[in-house]
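> If you scroll down you'll find the structure; I have some questions about it.
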Amino acid sequence: MKIRQHITMAGALFALAVAAGTGTAPGKDINILNVSYDPTRELYAEFNTAFIKHWKEKSGDTLTIKQSHGGSGKQARAVIDGLEADVVTLALAYDIDAISEKGRLLPGDWQKRLPHNSAPYASTIVFLVRKGNPKGIKDWDDLVKPGISIVTPNPKTSGGARWNYLAAWAYALQKHGNEEAKAREFLGKLFKNVPVLDTGARGATTTFVQREIGDVLISWENEAFLAIKEFGQAKFEVITPSLSILAEPPVAVVDKVAKRRGTEEVAKAYLDYLYTEEGQDIAGRNFYRPRSEKAAAKYAGQFTNVKLVTIDEVFGGWKKAQKTHFDDGGTFDQIFKP
Amino acid sequence: MNIYGKLIAGIVATQMVAISFAAEDSETVEALRRQIQELDQKVRILERKQELDKDAASDKAKVTPTVSLGAGGFSVRSADSNFVFKVRGYVQADSRLYADDYSGGTANDTFLIRRARPIFEGTVYNNYDFRVMLDFASGINSSAANNVFLQDAYVNARFAPEFQVQVGKFKEPVGLERLQSGANILFVERGYPTQLVPNRDVGVQLQGDLFGGLLRYEAGVFNGVADGGSGDVDASDDEKDIAGRLFATPFKDGATEIVRGLGFGVAGTTGNQDGSGLVSKFKTPGQQQFFSYRSGAGTAAAPNVVADGDHWRVAPQLTYFYRSFGLFGEYVISDQRVRRDAGTSSFSRVQNSAWQVSASYLLTGEENSWKGFVPRHNFDPANGGWGAWEVALRLGQLEVDDAAFPLLASPTASASGATSWGVGLNWHLNKNLKLNFNYEQTDFDGGTSDFLARGEKVFLTRAQFAF
């Protein structure tokens, strides 16, 4: 056998192997995994359907989008540990920072790659109470009263729970003239009224709505409206406190995974599509606060005006907030004794 | 109703009785109602906590690898089974006892470690299998090359059952008995056809199971090795061998039991081979050499024979298993162009052939199988277990081409053929331990040495520990 024949045969074998081993050629079947946080199930179920259709029309490819949902911190840990997410759509920037820093799966400046700090929609924290508001809960102060049973997830595993915690802290600071000690005391009282900690926001909703535990659920705004949509206004009411926090759930392509799997283009397009009018409209329909003016105006009626503080202005950003409050030995560990 | 529910029911019943005595006291009723509500909340909270604990345990189980140690070796498996790592291996302690060895030319009776092979194998990312097998008994210090120490080192990418690509060092897909694991072979030593087919070689191979496993194919490109030889680098020439095999088990899923265990196929190689390491020596079942090509300095007084040109092999083969009975046979032709250097060079073709038929029967009723079996009852006399007992019979022959004599091989020192028969008794104490007892008798054609004239009568034993 001559050397040319060897090369030809090796080339043929290689081509066969490559053809069998890859699936991202145009017109082919592609699949991506979106690792998201707990309450986005309905949002992405609708958004994925729209994007799959859009991508088919644009590229001819048949796209399958797999979803994974759970507490945001827990999901970030799973990606760091090897869960092959092409994109992450988590509850807070710190969790994607962790994927960048500990997993080295995307660059540190990931947040600058998309508008609005890579948060295509926003939300805030509200209260969901039982119909008629039997305990008369109107604001954060009412939550720390004796005998009030609060449902909120575990800030160690849930992004939503961290937003809840920080919103309460911001309120306490405002009320007590920025006295950290008073805020700590306030949160201590609040968590004394929490009988059970779920790992994620959806689990907390289940605890409150389906297991009928507690007087009040501290919840994502979208999750509270969704509960009312699903179970009817006859059972629950949304209470908007006097002050809350602007929650900006960010999104990012997990560069190393997408590159390895050959899905960079579709993953980027997927996130870009969240910013289109269709993407924004879907966000609004699912009770997220859209960023585009058009969609924001369309859905303005479903949201109550509330004073919103930001993570940066009150807590100096997520890194600092995480270190102070949620890292091992932080404020949460000090005040919460199960 | 769980314990909390019963507790609530009991409390409610008790309180209702109390209520009946103080029904007119509305404050008391209200207090009791609140108390019941509080208790109800406590029960719900306890139930929810239990639910969350269960979810947490379930989540933990989903990511916790499984570690197992047993008769199949040591293995670690990720929770999703996408990653597997196994440590296995086997050791064979043999004895060779030669009868009629009073005169010269016969090997000494000996104990030896025939194979001592740790195996590391597993799977990564679900579809990629790997295997590394070493052999500490095969002359680790005897050569700079690692071809006897490193037996297997390959990755198999399973893109689909029908399409797999294997790359590395592994057995070329030719000889039937050669492809059977050394831990599962019926006799202590493999039969004659194995000496005419390649052993392990480095290359790339496409393989797969078609029609739901009714037909297996293997086709690969390899460096090329001598008959019976192994290699891990092609230092002799620039040429490569192509090897392929088709093996059908057309009735394996059928309803007719008597033909379900029938398998047949054909394998072959073709390629060009040049060099002194690419011609073979042949051995008896007792591992005594009875044929070799001339290997001198290449002068008229001391000729030398090397491979020089095309080399092809063809190997039809058959297996048959029915309940406790097993049979296999294979026939191999190896046709090779060689060069004789004796001051001047001349070229010849030699076509050697070999065949064997082996049969076995499991006296203790186990189902016979090409890949081994597990005894119905382990050896445990106290509880009436005697392991599995197997009897075996083998006939085989290797014929060297007449064209080899006298120029390519010495007609006095080498035989032109060997015919052997052997019987075996195998005792499988359990899945891990096996004892083999073989008697093999060989007669030679040609050759004039005491050994060749007398033939070989050898008693072989093996104690094998495999896990």
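Identifiers for the structure tokens are assigned positionally: chains receive A, B, ... in sequence, residues are indexed from 1 per chain, and ligands are indexed from 1 in the order shown.
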Can you pull out every residue within 8 Å of Trp220 (chain A), counting only C-alpha atoms, but drop anything in the same chain fewer than 4 positions away, and send it as a list in words?
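Final neighbour list, sorted by chain and number: Ser123, Thr124, Ile125, Val126, Gly160, Ala201 and Ala224 of chain A.
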> For region 42-50 of chain A, please output as a list in words all residues within 10 Å (counting only C-alpha atoms; exclusion window: fewer than 4 positions along the same chain).
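The residues that qualify are Asn34, Ser36, His54, Trp55, Leu63, Thr64, Ile65, Lys66, Gln67, Thr89, Asn222, Glu223, Leu226, Tyr270, Tyr273, Leu274, Glu278, Gly279, Gln280, Asp281, Ile282, Ala283, Gly284, Arg285, Asn286, Phe287 and Tyr288 of chain A.
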> Please indicate the distance in Å from CA of Leu246 (chain A) to CA of Ala122 (chain A), rounded to one decimal place.
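So the two atoms, CA of Leu246 (chain A) and CA of Ala122 (chain A), lie 7.0 Å apart.
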> Would you please extract all alpha helix (DSSP H) residues from region 126-325 of chain A, as assigned by DSSP on the backbone, and give them as a PyMOL selection string?
chain A and resi 140-143+159-175+180-192+201-205+221-231+255-261+264-274+277-285+293-299+311-315+318-321
> Looking at only C-alpha atoms, which of B:Ser26, B:Gln92, B:Asn127, B:Ser414 is the one that sits closest to chain A?
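When distances to chain A are compared using only C-alpha atoms, the smallest one comes from B:Asn127.
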> Find the residues around region 210-213 of chain B up to 12 Å (only C-alpha atoms counted), leave out those fewer than 4 positions away in its own chain, and share them as a list of chain:residue names.
B:Ala160, B:Pro161, B:Glu162, B:Phe163, B:Gln164, B:Tyr217, B:Glu218, B:Leu246, B:Phe247, B:Ala248, B:Thr249, B:Pro250, B:Phe251, B:Lys252, B:Asp253, B:Gly263
> Among region 10-191 of chain B, which ones does DSSP place in strand (DSSP E), written as a ChimeraX atom specification?
/B:66-70,73-77,84-99,110-124,128-134,150-160,163-171
> Quick one: which residues from chain B are at most 9 Å off chain A, using only C-alpha atoms, as an mmCIF file with all heavy atoms, in the first residue's frame?

data_model
loop_
_atom_site.group_PDB
_atom_site.id
_atom_site.type_symbol
_atom_site.label_atom_id
_atom_site.label_comp_id
_atom_site.auth_asym_id
_atom_site.auth_seq_id
_atom_site.Cartn_x
_atom_site.Cartn_y
_atom_site.Cartn_z
ATOM 1 N N GLN B 41 -51.006 23.906 61.170
ATOM 2 C CA GLN B 41 -49.831 24.502 60.529
ATOM 3 C C GLN B 41 -48.558 23.746 60.903
ATOM 4 O O GLN B 41 -47.706 23.495 60.067
ATOM 5 C CB GLN B 41 -49.698 25.971 60.944
ATOM 6 C CG GLN B 41 -50.586 26.908 60.137
ATOM 7 C CD GLN B 41 -50.117 27.050 58.680
ATOM 8 O OE1 GLN B 41 -49.042 27.528 58.402
ATOM 9 N NE2 GLN B 41 -50.938 26.595 57.744
ATOM 10 N N LYS B 42 -48.481 23.383 62.208
ATOM 11 C CA LYS B 42 -47.276 22.660 62.644
ATOM 12 C C LYS B 42 -47.144 21.326 61.918
ATOM 13 O O LYS B 42 -46.052 20.931 61.494
ATOM 14 C CB LYS B 42 -47.311 22.437 64.157
ATOM 15 C CG LYS B 42 -46.926 23.688 64.931
ATOM 16 C CD LYS B 42 -46.905 23.440 66.410
ATOM 17 C CE LYS B 42 -46.545 24.741 67.148
ATOM 18 N NZ LYS B 42 -46.683 24.630 68.591
ATOM 19 N N ARG B 44 -48.439 20.592 59.006
ATOM 20 C CA ARG B 44 -48.103 20.849 57.595
ATOM 21 C C ARG B 44 -46.614 21.170 57.439
ATOM 22 O O ARG B 44 -45.959 20.746 56.486
ATOM 23 C CB ARG B 44 -48.940 22.008 57.053
ATOM 24 C CG ARG B 44 -50.385 21.644 56.797
ATOM 25 C CD ARG B 44 -51.191 22.888 56.381
ATOM 26 N NE ARG B 44 -52.603 22.587 56.318
ATOM 27 C CZ ARG B 44 -53.218 22.073 55.241
ATOM 28 N NH1 ARG B 44 -52.518 21.807 54.163
ATOM 29 N NH2 ARG B 44 -54.500 21.815 55.247
ATOM 30 N N ILE B 45 -46.103 21.959 58.384
ATOM 31 C CA ILE B 45 -44.673 22.323 58.317
ATOM 32 C C ILE B 45 -43.793 21.085 58.469
ATOM 33 O O ILE B 45 -42.835 20.888 57.718
ATOM 34 C CB ILE B 45 -44.335 23.376 59.395
ATOM 35 C CG1 ILE B 45 -44.949 24.716 58.996
ATOM 36 C CG2 ILE B 45 -42.830 23.511 59.591
ATOM 37 C CD1 ILE B 45 -45.025 25.726 60.124
ATOM 38 N N LEU B 46 -44.153 20.231 59.418
ATOM 39 C CA LEU B 46 -43.368 19.004 59.602
ATOM 40 C C LEU B 46 -43.412 18.127 58.352
ATOM 41 O O LEU B 46 -42.399 17.572 57.918
ATOM 42 C CB LEU B 46 -43.887 18.220 60.823
ATOM 43 C CG LEU B 46 -43.499 18.793 62.177
ATOM 44 C CD1 LEU B 46 -44.289 18.116 63.296
ATOM 45 C CD2 LEU B 46 -41.995 18.623 62.419
ATOM 46 N N ARG B 48 -43.951 19.142 55.290
ATOM 47 C CA ARG B 48 -43.192 19.800 54.226
ATOM 48 C C ARG B 48 -41.690 19.612 54.440
ATOM 49 O O ARG B 48 -40.943 19.398 53.471
ATOM 50 C CB ARG B 48 -43.544 21.286 54.187
ATOM 51 C CG ARG B 48 -42.849 22.085 53.097
ATOM 52 C CD ARG B 48 -43.197 21.586 51.708
ATOM 53 N NE ARG B 48 -42.653 22.416 50.659
ATOM 54 C CZ ARG B 48 -42.421 22.003 49.421
ATOM 55 N NH1 ARG B 48 -42.694 20.761 49.078
ATOM 56 N NH2 ARG B 48 -41.940 22.828 48.505
ATOM 57 N N LYS B 49 -41.274 19.699 55.697
ATOM 58 C CA LYS B 49 -39.844 19.497 55.981
ATOM 59 C C LYS B 49 -39.421 18.081 55.587
ATOM 60 O O LYS B 49 -38.344 17.871 55.029
ATOM 61 C CB LYS B 49 -39.550 19.753 57.460
ATOM 62 C CG LYS B 49 -39.412 21.238 57.779
ATOM 63 C CD LYS B 49 -39.046 21.457 59.225
ATOM 64 C CE LYS B 49 -38.755 22.939 59.479
ATOM 65 N NZ LYS B 49 -38.564 23.228 60.896
ATOM 66 N N LEU B 52 -39.096 18.020 51.897
ATOM 67 C CA LEU B 52 -37.869 18.670 51.439
ATOM 68 C C LEU B 52 -36.639 17.820 51.740
ATOM 69 O O LEU B 52 -35.705 17.752 50.944
ATOM 70 C CB LEU B 52 -37.717 20.059 52.090
ATOM 71 C CG LEU B 52 -38.769 21.087 51.679
ATOM 72 C CD1 LEU B 52 -38.580 22.381 52.467
ATOM 73 C CD2 LEU B 52 -38.689 21.375 50.187
ATOM 74 N N ALA B 56 -34.067 16.519 49.058
ATOM 75 C CA ALA B 56 -32.615 16.754 49.184
ATOM 76 C C ALA B 56 -31.856 15.442 49.052
ATOM 77 O O ALA B 56 -30.819 15.378 48.392
ATOM 78 C CB ALA B 56 -32.314 17.418 50.529
ATOM 79 N N ALA B 157 -14.947 5.139 20.214
ATOM 80 C CA ALA B 157 -16.025 6.140 20.195
ATOM 81 C C ALA B 157 -17.275 5.490 19.637
ATOM 82 O O ALA B 157 -17.309 5.106 18.467
ATOM 83 C CB ALA B 157 -15.603 7.334 19.338
ATOM 84 N N PHE B 159 -20.362 6.175 18.302
ATOM 85 C CA PHE B 159 -21.292 7.163 17.749
ATOM 86 C C PHE B 159 -22.683 6.564 17.596
ATOM 87 O O PHE B 159 -23.684 7.239 17.732
ATOM 88 C CB PHE B 159 -20.775 7.676 16.414
ATOM 89 C CG PHE B 159 -19.441 8.368 16.521
ATOM 90 C CD1 PHE B 159 -18.310 7.845 15.917
ATOM 91 C CD2 PHE B 159 -19.317 9.531 17.259
ATOM 92 C CE1 PHE B 159 -17.088 8.467 16.027
ATOM 93 C CE2 PHE B 159 -18.090 10.170 17.382
ATOM 94 C CZ PHE B 159 -16.975 9.636 16.769
ATOM 95 N N ALA B 160 -22.722 5.300 17.254
ATOM 96 C CA ALA B 160 -23.977 4.551 17.162
ATOM 97 C C ALA B 160 -23.586 3.089 17.278
ATOM 98 O O ALA B 160 -22.433 2.734 17.020
ATOM 99 C CB ALA B 160 -24.661 4.821 15.831
ATOM 100 N N PHE B 163 -21.954 2.196 14.187
ATOM 101 C CA PHE B 163 -20.783 2.957 13.733
ATOM 102 C C PHE B 163 -19.938 3.380 14.917
ATOM 103 O O PHE B 163 -20.300 4.272 15.673
ATOM 104 C CB PHE B 163 -21.248 4.194 12.948
ATOM 105 C CG PHE B 163 -20.101 4.998 12.393
ATOM 106 C CD1 PHE B 163 -19.425 4.577 11.267
ATOM 107 C CD2 PHE B 163 -19.684 6.160 13.021
ATOM 108 C CE1 PHE B 163 -18.357 5.305 10.775
ATOM 109 C CE2 PHE B 163 -18.615 6.898 12.533
ATOM 110 C CZ PHE B 163 -17.954 6.458 11.404
ATOM 111 N N GLN B 164 -18.831 2.675 15.065
ATOM 112 C CA GLN B 164 -17.915 2.977 16.156
ATOM 113 C C GLN B 164 -16.501 3.086 15.585
ATOM 114 O O GLN B 164 -16.173 2.398 14.619
ATOM 115 C CB GLN B 164 -17.954 1.868 17.206
ATOM 116 C CG GLN B 164 -19.363 1.633 17.758
ATOM 117 C CD GLN B 164 -19.421 0.436 18.680
ATOM 118 O OE1 GLN B 164 -18.452 0.078 19.326
ATOM 119 N NE2 GLN B 164 -20.576 -0.203 18.737
ATOM 120 N N VAL B 165 -15.728 3.947 16.184
ATOM 121 C CA VAL B 165 -14.342 4.123 15.736
ATOM 122 C C VAL B 165 -13.416 3.841 16.915
ATOM 123 O O VAL B 165 -13.551 4.460 17.972
ATOM 124 C CB VAL B 165 -14.096 5.558 15.224
ATOM 125 C CG1 VAL B 165 -12.655 5.708 14.745
ATOM 126 C CG2 VAL B 165 -15.059 5.905 14.091
ATOM 127 N N VAL B 204 -6.330 2.153 13.464
ATOM 128 C CA VAL B 204 -7.684 2.703 13.633
ATOM 129 C C VAL B 204 -8.672 1.744 12.977
ATOM 130 O O VAL B 204 -8.400 1.202 11.912
ATOM 131 C CB VAL B 204 -7.782 4.131 13.038
ATOM 132 C CG1 VAL B 204 -7.378 4.162 11.578
ATOM 133 C CG2 VAL B 204 -9.186 4.694 13.201
ATOM 134 N N GLN B 205 -9.775 1.548 13.639
ATOM 135 C CA GLN B 205 -10.715 0.526 13.178
ATOM 136 C C GLN B 205 -12.148 1.044 13.247
ATOM 137 O O GLN B 205 -12.561 1.631 14.249
ATOM 138 C CB GLN B 205 -10.566 -0.712 14.085
ATOM 139 C CG GLN B 205 -11.554 -1.831 13.813
ATOM 140 C CD GLN B 205 -11.205 -3.078 14.619
ATOM 141 O OE1 GLN B 205 -10.146 -3.662 14.426
ATOM 142 N NE2 GLN B 205 -12.077 -3.468 15.528
ATOM 143 N N LEU B 206 -12.898 0.812 12.182
ATOM 144 C CA LEU B 206 -14.347 1.040 12.206
ATOM 145 C C LEU B 206 -14.994 -0.275 12.586
ATOM 146 O O LEU B 206 -14.572 -1.337 12.113
ATOM 147 C CB LEU B 206 -14.867 1.453 10.837
ATOM 148 C CG LEU B 206 -14.334 2.748 10.224
ATOM 149 C CD1 LEU B 206 -15.055 3.034 8.919
ATOM 150 C CD2 LEU B 206 -14.522 3.900 11.183
ATOM 151 N N VAL B 221 -7.104 -0.186 9.700
ATOM 152 C CA VAL B 221 -5.771 0.004 9.116
ATOM 153 C C VAL B 221 -4.768 -0.071 10.257
ATOM 154 O O VAL B 221 -4.930 0.621 11.266
ATOM 155 C CB VAL B 221 -5.661 1.378 8.426
ATOM 156 C CG1 VAL B 221 -4.300 1.540 7.781
ATOM 157 C CG2 VAL B 221 -6.759 1.543 7.393
ATOM 158 N N ASP B 238 7.269 1.228 5.489
ATOM 159 C CA ASP B 238 6.304 2.319 5.397
ATOM 160 C C ASP B 238 4.907 1.803 5.073
ATOM 161 O O ASP B 238 3.977 2.578 4.882
ATOM 162 C CB ASP B 238 6.779 3.264 4.288
ATOM 163 C CG ASP B 238 6.154 4.630 4.418
ATOM 164 O OD1 ASP B 238 5.876 5.033 5.565
ATOM 165 O OD2 ASP B 238 5.923 5.276 3.383
ATOM 166 N N GLU B 239 4.791 0.497 4.995
ATOM 167 C CA GLU B 239 3.543 -0.086 4.519
ATOM 168 C C GLU B 239 2.589 -0.357 5.670
ATOM 169 O O GLU B 239 2.995 -0.531 6.813
ATOM 170 C CB GLU B 239 3.837 -1.410 3.782
ATOM 171 C CG GLU B 239 4.929 -1.309 2.743
ATOM 172 C CD GLU B 239 4.547 -0.402 1.580
ATOM 173 O OE1 GLU B 239 3.336 -0.127 1.428
ATOM 174 O OE2 GLU B 239 5.446 0.029 0.851
ATOM 175 N N LYS B 240 1.323 -0.439 5.326
ATOM 176 C CA LYS B 240 0.295 -0.698 6.331
ATOM 177 C C LYS B 240 -0.560 -1.901 5.917
ATOM 178 O O LYS B 240 -0.672 -2.203 4.729
ATOM 179 C CB LYS B 240 -0.614 0.531 6.515
ATOM 180 C CG LYS B 240 0.139 1.758 7.008
ATOM 181 C CD LYS B 240 0.584 1.595 8.447
ATOM 182 C CE LYS B 240 1.597 2.657 8.858
ATOM 183 N NZ LYS B 240 2.988 2.339 8.442
ATOM 184 N N ASP B 241 -1.129 -2.552 6.908
ATOM 185 C CA ASP B 241 -2.037 -3.677 6.655
ATOM 186 C C ASP B 241 -3.485 -3.224 6.795
ATOM 187 O O ASP B 241 -3.800 -2.373 7.642
ATOM 188 C CB ASP B 241 -1.802 -4.797 7.685
ATOM 189 C CG ASP B 241 -0.654 -5.716 7.279
ATOM 190 O OD1 ASP B 241 0.072 -5.371 6.316
ATOM 191 O OD2 ASP B 241 -0.490 -6.762 7.932
ATOM 192 N N GLY B 271 -1.626 -6.656 2.944
ATOM 193 C CA GLY B 271 -0.671 -5.563 3.100
ATOM 194 C C GLY B 271 0.702 -5.996 2.644
ATOM 195 O O GLY B 271 0.911 -7.158 2.257
ATOM 196 N N ASN B 272 1.596 -5.058 2.657
ATOM 197 C CA ASN B 272 2.987 -5.360 2.333
ATOM 198 C C ASN B 272 3.821 -5.304 3.605
ATOM 199 O O ASN B 272 3.623 -4.409 4.430
ATOM 200 C CB ASN B 272 3.541 -4.329 1.352
ATOM 201 C CG ASN B 272 3.254 -4.710 -0.082
ATOM 202 O OD1 ASN B 272 2.396 -5.550 -0.332
ATOM 203 N ND2 ASN B 272 3.966 -4.095 -1.002
#
> One number please: CA of Gly200 (chain A) to CA of Val216 (chain A), in Å, one decimal.
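Taking CA of Gly200 (chain A) and CA of Val216 (chain A), their separation equals 16.1 Å.
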